file structure37.txt (compact mmCIF, C-alpha atoms and all ligand atoms)
# COMPACT_ATOMS: atom_id res chain seq x y z
CA MET Z 1 -1.11 -22.69 -13.59
CA MET Z 2 0.45 -24.20 -10.46
CA LEU Z 3 1.96 -20.83 -9.61
CA ARG Z 4 -1.36 -19.03 -10.02
CA LEU Z 5 -3.10 -21.56 -7.78
CA ALA Z 6 -0.39 -21.24 -5.15
CA ARG Z 7 -0.84 -17.46 -5.13
CA VAL Z 8 -4.59 -17.66 -4.73
CA TYR Z 9 -4.17 -20.07 -1.85
CA ALA Z 10 -1.68 -17.84 -0.08
CA LEU Z 11 -3.94 -14.83 -0.54
CA SER Z 12 -6.97 -16.52 0.98
CA GLY Z 13 -4.83 -17.67 3.92
CA ALA Z 14 -3.89 -14.07 4.66
CA LEU Z 15 -7.51 -13.01 4.49
CA CYS Z 16 -8.47 -15.45 7.24
CA LEU Z 17 -5.73 -14.07 9.48
CA SER Z 18 -6.72 -10.50 8.78
CA ALA Z 19 -10.40 -11.06 9.48
CA SER Z 20 -9.64 -12.03 13.09
CA ALA Z 21 -7.20 -9.16 13.79
CA TRP Z 22 -9.52 -6.62 12.17
CA ALA Z 23 -12.47 -7.36 14.52
CA ALA Z 24 -14.72 -4.29 14.82
CA PRO Z 25 -14.53 -1.51 12.21
CA GLY Z 26 -12.92 1.78 13.19
CA ASP Z 27 -14.57 5.15 13.75
CA PRO Z 28 -13.58 7.72 11.10
CA ALA Z 29 -14.42 10.70 13.33
CA GLN Z 30 -12.10 9.36 16.06
CA GLY Z 31 -9.54 8.62 13.38
CA ARG Z 32 -9.66 12.19 12.12
CA ALA Z 33 -9.02 13.57 15.61
CA LYS Z 34 -6.17 11.09 16.17
CA ALA Z 35 -4.60 11.88 12.79
CA GLN Z 36 -4.42 15.54 13.86
CA ALA Z 37 -3.29 14.88 17.44
CA LEU Z 38 -0.61 12.39 16.39
CA ALA Z 39 0.58 14.62 13.53
CA CYS Z 40 0.09 11.96 10.85
CA VAL Z 41 -1.15 14.76 8.60
CA ALA Z 42 2.14 16.68 8.98
CA CYS Z 43 3.75 14.07 6.74
CA HIS Z 44 0.86 12.35 4.95
CA GLY Z 45 -1.02 15.61 4.20
CA GLU Z 46 -4.23 17.10 5.58
CA ALA Z 47 -6.35 15.13 3.09
CA GLY Z 48 -4.15 12.03 3.24
CA GLN Z 49 -2.38 13.21 0.10
CA SER Z 50 1.33 13.65 0.60
CA SER Z 51 3.39 16.36 -1.05
CA GLN Z 52 6.69 14.99 0.31
CA ALA Z 53 9.01 12.68 -1.59
CA GLY Z 54 9.09 9.19 -0.09
CA VAL Z 55 5.88 9.68 1.90
CA PRO Z 56 2.87 7.73 0.58
CA HIS Z 57 -0.66 8.97 0.00
CA LEU Z 58 -3.03 7.25 2.46
CA ALA Z 59 -6.32 8.61 1.08
CA ALA Z 60 -8.66 5.92 -0.29
CA GLN Z 61 -6.36 3.04 0.66
CA PRO Z 62 -8.37 0.02 1.83
CA PRO Z 63 -8.81 0.23 5.63
CA LEU Z 64 -7.48 -3.28 6.15
CA SER Z 65 -4.32 -2.42 4.23
CA ILE Z 66 -3.63 0.66 6.38
CA PHE Z 67 -4.35 -1.33 9.55
CA TYR Z 68 -2.06 -4.16 8.47
CA GLN Z 69 0.82 -1.90 7.55
CA LEU Z 70 0.57 -0.16 10.94
CA LEU Z 71 0.66 -3.57 12.66
CA GLN Z 72 3.72 -4.52 10.63
CA PHE Z 73 5.50 -1.29 11.61
CA ARG Z 74 4.55 -1.78 15.28
CA ASP Z 75 5.93 -5.31 15.23
CA GLN Z 76 9.10 -4.11 13.44
CA ARG Z 77 8.38 -6.46 10.54
CA ARG Z 78 8.44 -3.37 8.33
CA ARG Z 79 10.80 -0.47 8.90
CA GLY Z 80 11.05 2.91 7.20
CA GLY Z 81 10.40 6.62 7.52
CA GLY Z 82 10.42 6.43 11.33
CA MET Z 83 7.02 4.69 11.16
CA GLU Z 84 8.14 1.91 13.57
CA ALA Z 85 8.51 4.45 16.40
CA ILE Z 86 5.19 6.12 15.54
CA ALA Z 87 3.25 2.85 15.35
CA ALA Z 88 4.81 1.53 18.59
CA ASN Z 89 2.58 3.94 20.54
CA LEU Z 90 -0.69 3.07 18.80
CA SER Z 91 -3.35 0.71 20.18
CA GLU Z 92 -5.13 -1.56 17.73
CA GLN Z 93 -8.24 0.60 18.20
CA ASP Z 94 -6.19 3.68 17.21
CA MET Z 95 -5.04 1.80 14.11
CA ARG Z 96 -8.59 0.83 13.18
CA ASP Z 97 -9.82 4.42 13.68
CA LEU Z 98 -6.95 5.89 11.66
CA ALA Z 99 -7.53 3.31 8.92
CA ALA Z 100 -11.26 4.13 8.83
CA TYR Z 101 -10.50 7.84 8.53
CA PHE Z 102 -7.85 7.79 5.81
CA SER Z 103 -9.65 5.15 3.75
CA GLN Z 104 -12.78 7.27 3.30
CA LEU Z 105 -10.95 10.38 2.05
CA PRO Z 106 -11.18 11.15 -1.70
CA ALA Z 107 -8.58 9.32 -3.78
CA PRO Z 108 -5.57 11.22 -5.10
CA LYS Z 109 -5.92 12.27 -8.74
CA GLY Z 110 -3.58 10.60 -11.19
CA GLN Z 111 -0.57 12.78 -11.97
CA PRO Z 112 1.00 13.00 -15.43
CA PHE Z 113 4.41 11.44 -15.86
CA ALA Z 114 6.84 13.12 -18.26
CA ASP Z 115 7.94 9.97 -20.12
CA ALA Z 116 4.80 8.77 -21.96
CA ALA Z 117 6.57 5.76 -23.51
CA LEU Z 118 7.54 4.55 -20.03
CA VAL Z 119 3.92 4.88 -18.88
CA ARG Z 120 2.71 2.73 -21.81
CA GLN Z 121 5.38 0.14 -21.05
CA GLY Z 122 4.20 0.08 -17.43
CA GLU Z 123 0.60 -0.45 -18.50
CA GLN Z 124 1.57 -3.44 -20.65
CA LEU Z 125 3.66 -4.91 -17.85
CA ALA Z 126 0.89 -4.49 -15.30
CA GLN Z 127 -1.43 -6.48 -17.58
CA ALA Z 128 1.16 -9.14 -18.42
CA GLN Z 129 2.05 -9.58 -14.73
CA PHE Z 130 -1.57 -9.67 -13.46
CA CYS Z 131 -0.98 -6.94 -10.88
CA SER Z 132 -4.74 -6.24 -10.93
CA SER Z 133 -5.56 -9.81 -9.84
CA CYS Z 134 -4.65 -8.74 -6.30
CA HIS Z 135 -4.58 -4.92 -6.41
CA GLY Z 136 -8.01 -4.63 -8.12
CA ASN Z 137 -9.15 -3.84 -11.68
CA GLN Z 138 -8.16 -0.18 -11.47
CA LEU Z 139 -5.27 -0.93 -9.02
CA GLN Z 140 -7.50 0.74 -6.41
CA GLY Z 141 -6.59 -1.84 -3.75
CA GLN Z 142 -8.86 -4.26 -1.94
CA LYS Z 143 -9.01 -6.02 1.42
CA HIS Z 144 -5.41 -6.07 2.78
CA VAL Z 145 -3.86 -5.25 -0.62
CA PRO Z 146 -2.78 -1.59 -0.96
CA ARG Z 147 -4.07 0.95 -3.47
CA LEU Z 148 -1.49 1.65 -6.20
CA ALA Z 149 -3.54 4.03 -8.40
CA GLY Z 150 -2.29 7.62 -8.10
CA GLN Z 151 0.45 6.69 -5.62
CA ARG Z 152 3.61 8.81 -5.80
CA ALA Z 153 6.05 7.22 -8.26
CA ASP Z 154 9.06 7.85 -6.00
CA TYR Z 155 7.47 6.01 -3.07
CA PHE Z 156 6.09 3.21 -5.26
CA LEU Z 157 9.46 2.59 -6.90
CA THR Z 158 11.37 2.38 -3.59
CA GLN Z 159 8.81 -0.01 -2.10
CA LEU Z 160 8.74 -2.25 -5.17
CA GLN Z 161 12.54 -2.40 -5.16
CA HIS Z 162 12.50 -3.31 -1.45
CA LEU Z 163 9.82 -5.98 -1.96
CA HIS Z 164 11.89 -7.36 -4.86
CA SER Z 165 15.15 -7.45 -2.87
CA GLY Z 166 13.53 -8.70 0.33
CA GLU Z 167 14.53 -5.57 2.28
CA ARG Z 168 10.76 -5.16 2.88
CA ALA Z 169 9.24 -8.48 3.90
CA ASP Z 170 5.57 -8.76 2.99
CA MET Z 171 3.09 -10.42 5.29
CA ASP Z 172 2.45 -13.58 3.26
CA GLY Z 173 5.10 -13.72 0.51
CA THR Z 174 2.59 -13.17 -2.32
CA MET Z 175 3.97 -9.74 -3.26
CA ALA Z 176 7.57 -10.93 -3.04
CA SER Z 177 6.78 -13.63 -5.60
CA ALA Z 178 4.92 -11.11 -7.79
CA ALA Z 179 8.02 -8.87 -7.76
CA ALA Z 180 10.60 -11.65 -8.18
CA SER Z 181 10.95 -11.54 -11.97
CA LEU Z 182 10.82 -7.73 -12.41
CA SER Z 183 13.91 -5.91 -13.73
CA PRO Z 184 14.91 -2.41 -12.51
CA ALA Z 185 13.54 -1.00 -15.80
CA ASP Z 186 10.23 -2.86 -15.32
CA MET Z 187 9.86 -1.41 -11.84
CA ALA Z 188 10.49 2.13 -13.08
CA ALA Z 189 7.85 1.67 -15.80
CA LEU Z 190 5.28 0.27 -13.35
CA SER Z 191 5.81 3.17 -10.93
CA ALA Z 192 5.36 5.73 -13.74
CA TYR Z 193 2.15 4.04 -14.89
CA ALA Z 194 0.58 3.75 -11.42
CA GLN Z 195 1.10 7.45 -10.69
CA THR Z 196 -1.06 8.40 -13.72
CA LEU Z 197 -4.12 6.35 -12.63
CA ASN Z 198 -7.19 7.85 -10.98
C1 LIG D 1 7.65 12.05 10.10
C2 LIG D 1 6.74 11.77 8.99
C3 LIG D 1 5.61 10.76 9.24
C4 LIG D 1 4.65 10.80 10.23
C5 LIG D 1 4.49 11.80 11.38
C6 LIG D 1 3.77 9.68 9.96
N1 LIG D 1 4.20 9.00 8.86
FE1 LIG D 1 3.35 7.30 8.08
N2 LIG D 1 4.88 7.14 6.74
C7 LIG D 1 5.92 8.03 6.61
C8 LIG D 1 6.86 7.53 5.61
C9 LIG D 1 8.14 8.21 5.15
C10 LIG D 1 6.34 6.29 5.18
C11 LIG D 1 6.98 5.32 4.16
C12 LIG D 1 7.80 4.33 4.98
C13 LIG D 1 8.76 3.51 4.15
O1 LIG D 1 9.58 4.09 3.45
O2 LIG D 1 8.65 2.28 4.23
C14 LIG D 1 5.08 6.08 5.89
C15 LIG D 1 4.26 4.97 5.72
C16 LIG D 1 3.02 4.84 6.30
C17 LIG D 1 2.07 3.79 5.99
C18 LIG D 1 2.25 2.69 4.96
C19 LIG D 1 1.46 3.06 3.71
C20 LIG D 1 1.62 2.10 2.59
O3 LIG D 1 1.16 2.43 1.48
O4 LIG D 1 2.19 1.01 2.77
C21 LIG D 1 0.97 4.00 6.79
C22 LIG D 1 -0.28 3.16 6.82
C23 LIG D 1 1.24 5.18 7.59
N3 LIG D 1 2.49 5.66 7.26
C24 LIG D 1 0.35 5.72 8.50
C25 LIG D 1 0.65 6.75 9.38
C26 LIG D 1 -0.19 7.18 10.46
C27 LIG D 1 -1.57 6.60 10.77
C28 LIG D 1 0.47 8.19 11.12
C29 LIG D 1 0.07 8.90 12.40
C30 LIG D 1 -0.16 8.03 13.54
C31 LIG D 1 1.72 8.40 10.40
N4 LIG D 1 1.80 7.52 9.36
C32 LIG D 1 2.67 9.36 10.73
C33 LIG D 1 6.07 9.23 7.29
C34 LIG D 1 5.33 9.61 8.40
C1 LIG D 2 -0.68 -12.29 -5.35
C2 LIG D 2 -1.17 -10.97 -5.01
C3 LIG D 2 -0.37 -9.79 -5.57
C4 LIG D 2 0.05 -9.56 -6.86
C5 LIG D 2 -0.15 -10.44 -8.09
C6 LIG D 2 0.71 -8.29 -6.85
N1 LIG D 2 0.70 -7.74 -5.59
FE1 LIG D 2 1.58 -6.00 -5.03
N2 LIG D 2 1.07 -6.35 -3.09
C7 LIG D 2 0.33 -7.44 -2.64
C8 LIG D 2 0.21 -7.37 -1.20
C9 LIG D 2 -0.51 -8.38 -0.32
C10 LIG D 2 0.91 -6.21 -0.79
C11 LIG D 2 1.14 -5.74 0.64
C12 LIG D 2 2.45 -6.37 1.05
C13 LIG D 2 2.75 -6.33 2.54
O1 LIG D 2 3.26 -5.32 3.01
O2 LIG D 2 2.53 -7.32 3.20
C14 LIG D 2 1.43 -5.58 -2.00
C15 LIG D 2 2.18 -4.41 -2.02
C16 LIG D 2 2.62 -3.77 -3.17
C17 LIG D 2 3.33 -2.50 -3.20
C18 LIG D 2 3.64 -1.61 -2.00
C19 LIG D 2 2.53 -0.59 -1.90
C20 LIG D 2 2.55 0.30 -0.69
O3 LIG D 2 1.67 1.18 -0.62
O4 LIG D 2 3.39 0.15 0.17
C21 LIG D 2 3.61 -2.22 -4.50
C22 LIG D 2 4.33 -1.00 -5.05
C23 LIG D 2 3.07 -3.32 -5.30
N3 LIG D 2 2.48 -4.24 -4.46
C24 LIG D 2 3.12 -3.38 -6.67
C25 LIG D 2 2.69 -4.48 -7.42
C26 LIG D 2 2.87 -4.59 -8.86
C27 LIG D 2 3.50 -3.53 -9.73
C28 LIG D 2 2.37 -5.82 -9.22
C29 LIG D 2 2.41 -6.49 -10.61
C30 LIG D 2 3.78 -6.64 -11.13
C31 LIG D 2 1.86 -6.45 -8.00
N4 LIG D 2 2.06 -5.61 -6.96
C32 LIG D 2 1.28 -7.71 -7.98
C33 LIG D 2 -0.20 -8.44 -3.43
C34 LIG D 2 0.05 -8.63 -4.78

call {"tool": "encode", "arguments": {"input": "structure37.txt", "output": "structure tokens"}}
result
Amino acid sequence: MMLRLARVYALSGALCLSASAWAAPGDPAQGRAKAQALACVACHGEAGQSSQAGVPHLAAQPPLSIFYQLLQFRDQRRRGGGMEAIAANLSEQDMRDLAAYFSQLPAPKGQPFADAALVRQGEQLAQAQFCSSCHGNQLQGQKHVPRLAGQRADYFLTQLQHLHSGERADMDGTMASAAASLSPADMAALSAYAQTLN
């Protein structure tokens, strides 16, 4: 109970911070033009759906989550995939516009995963670990918390491992504590499950 309360407190703290940085909403039409001009789509896909291993889908992610991740890359608090260098050249208005654009694209469809038993195990774990309490009922993401539904399993697994080990620091420590007790097998099962969700 104490742990659950502590998590809720930390989450609401982050929301206050994000509300001030977020300021005005972005313009999706500007975001679309910027996504082309800055070649985001070369890696993340024309419709924000990536076909490259290790590159996440951005379509239908909550705008605040995209914005926050770009800020973290710019500030070198998150590193990976060369995104630090890309985000270093973006203004906060660019980030808001890009976030507005990618967030309103249709969500990626869930993809089957070969090992059905692993998928079921992931589903049970996700319920037992309350992943949906932050990531949303359908793991669709909300506020600054990323969408997990339909995300590529390869990307998901690497990120979860990094959040577990501390190689990727999260903005308020809530995800690090959610990942703390997960075994390597748990993380593989969760990544398989998430990829199948619409
Ligand atoms: C050269 C390929 C490449 C380009 C170009 C690129 N990205 Fe990325 N992006 C990546 C990779 C790879 C990752 C995963 C980083 C990691 O492993 O931590 C990523 C991660 C992200 C994330 C984090 C998503 C999440 O779920 O946490 C966001 C947001 C993002 N990119 C937005 C953008 C935007 C906006 C642009 C254009 C300004 C862009 N990217 C250009 C390869 C690229
Ligand atoms: C207390 C709230 C909370 C809970 C519970 C939680 N998460 Fe998260 N999760 C977050 C936040 C916030 C982030 C963004 C972290 C950051 O970069 O600052 C995140 C990020 C992630 C990411 C990286 C996604 C991406 O696109 O980069 C994965 C994967 C993930 N969570 C999986 C899970 C799984 C699986 C569970 C259940 C075992 C879970 N989370 C439970 C809050 C939570």

call {"tool": "residues_around", "arguments": {"input": "structure37.txt", "residues": "region 113-128 of chain Z", "least_positions_apart": "3", "cutoff": "8 Å", "atoms": "only C-alpha atoms", "output": "list of chain:residue names"}}
result
Z:Cys131, Z:Ser132, Z:Asp186, Z:Ala188, Z:Ala189, Z:Leu190, Z:Ser191, Z:Ala192, Z:Tyr193, Z:Ala194, Z:Gln195, Z:Thr196

call {"tool": "write_last_selection", "arguments": {"input": "structure37.txt", "atoms": "C-alpha atoms", "output": "short mmCIF file (atom, residue, chain, number, x, y, z; two decimals), in the coordinates of the input"}}
result
data_model
loop_
_atom_site.label_atom_id
_atom_site.label_comp_id
_atom_site.auth_asym_id
_atom_site.auth_seq_id
_atom_site.Cartn_x
_atom_site.Cartn_y
_atom_site.Cartn_z
CA CYS Z 131 -0.98 -6.94 -10.88
CA SER Z 132 -4.74 -6.24 -10.93
CA ASP Z 186 10.23 -2.86 -15.32
CA ALA Z 188 10.49 2.13 -13.08
CA ALA Z 189 7.85 1.67 -15.80
CA LEU Z 190 5.28 0.27 -13.35
CA SER Z 191 5.81 3.17 -10.93
CA ALA Z 192 5.36 5.73 -13.74
CA TYR Z 193 2.15 4.04 -14.89
CA ALA Z 194 0.58 3.75 -11.42
CA GLN Z 195 1.10 7.45 -10.69
CA THR Z 196 -1.06 8.40 -13.72
#

call {"tool": "residues_near_ligand", "arguments": {"input": "structure37.txt", "ligand": "ligand LIG 1 (chain D)", "cutoff": "6 Å", "atoms": "all atoms listed in the file", "output": "JSON list (two decimals) with C-alpha atoms, in the frame of the given file"}}
result
[["chain", "number", "residue", "atom", "x", "y", "z"],
["Z", 35, "ALA", "CA", -4.60, 11.88, 12.79],
["Z", 38, "LEU", "CA", -0.61, 12.39, 16.39],
["Z", 39, "ALA", "CA", 0.58, 14.62, 13.53],
["Z", 40, "CYS", "CA", 0.09, 11.96, 10.85],
["Z", 42, "ALA", "CA", 2.14, 16.68, 8.98],
["Z", 43, "CYS", "CA", 3.75, 14.07, 6.74],
["Z", 54, "GLY", "CA", 9.09, 9.19, -0.09],
["Z", 55, "VAL", "CA", 5.88, 9.68, 1.90],
["Z", 56, "PRO", "CA", 2.87, 7.73, 0.58],
["Z", 66, "ILE", "CA", -3.63, 0.66, 6.38],
["Z", 69, "GLN", "CA", 0.82, -1.90, 7.55],
["Z", 70, "LEU", "CA", 0.57, -0.16, 10.94],
["Z", 79, "ARG", "CA", 10.80, -0.47, 8.90],
["Z", 80, "GLY", "CA", 11.05, 2.91, 7.20],
["Z", 81, "GLY", "CA", 10.40, 6.62, 7.52],
["Z", 83, "MET", "CA", 7.02, 4.69, 11.16],
["Z", 98, "LEU", "CA", -6.95, 5.89, 11.66]]

call {"tool": "residues_around", "arguments": {"input": "structure37.txt", "residues": "Lys34 (chain Z)", "least_positions_apart": "2", "cutoff": "12 Å", "atoms": "only C-alpha atoms", "output": "list in words"}}
result
Gly26, Asp27, Pro28, Ala29, Gln30, Gly31, Arg32, Gln36, Ala37, Leu38, Ala39, Cys40, Val41, Leu90, Ser91, Gln93, Asp94, Met95, Arg96, Asp97, Leu98, Ala99, Ala100, Tyr101 and Phe102 of chain Z

call {"tool": "residues_near_ligand", "arguments": {"input": "structure37.txt", "ligand": "ligand LIG 2 (chain D)", "cutoff": "6 Å", "atoms": "all atoms listed in the file", "output": "JSON, numbers by chain"}}
result
{"Z": [7, 126, 129, 130, 131, 133, 134, 145, 146, 156, 159, 160, 170, 171, 174, 175, 178, 179, 190]}

call {"tool": "atom_distance", "arguments": {"input": "structure37.txt", "atom1": "CA of Ala107 (chain Z)", "atom2": "CA of Ser51 (chain Z)"}}
result
14.2 Å

call {"tool": "axis_aligned_box", "arguments": {"input": "structure37.txt", "around": "region 143-152 of chain Z", "padding_each_side": "5 Å", "output": "JSON"}}
result
{"center_x": -2.7, "center_y": 1.4, "center_z": -2.8, "size_x": 22.6, "size_y": 24.9, "size_z": 21.2}

call {"tool": "residues_around", "arguments": {"input": "structure37.txt", "residues": "His57 (chain Z)", "least_positions_apart": "4", "cutoff": "7 Å", "atoms": "only C-alpha atoms", "output": "list in words"}}
result
His44, Gly48, Gln49, Ser50 and Gln151 of chain Z

call {"tool": "atom_distance", "arguments": {"input": "structure37.txt", "atom1": "CA of Gln61 (chain Z)", "atom2": "CA of Gln111 (chain Z)"}}
result
17.0 Å

call {"tool": "atom_distance", "arguments": {"input": "structure37.txt", "atom1": "CA of Ala60 (chain Z)", "atom2": "CA of Pro108 (chain Z)"}}
result
7.8 Å
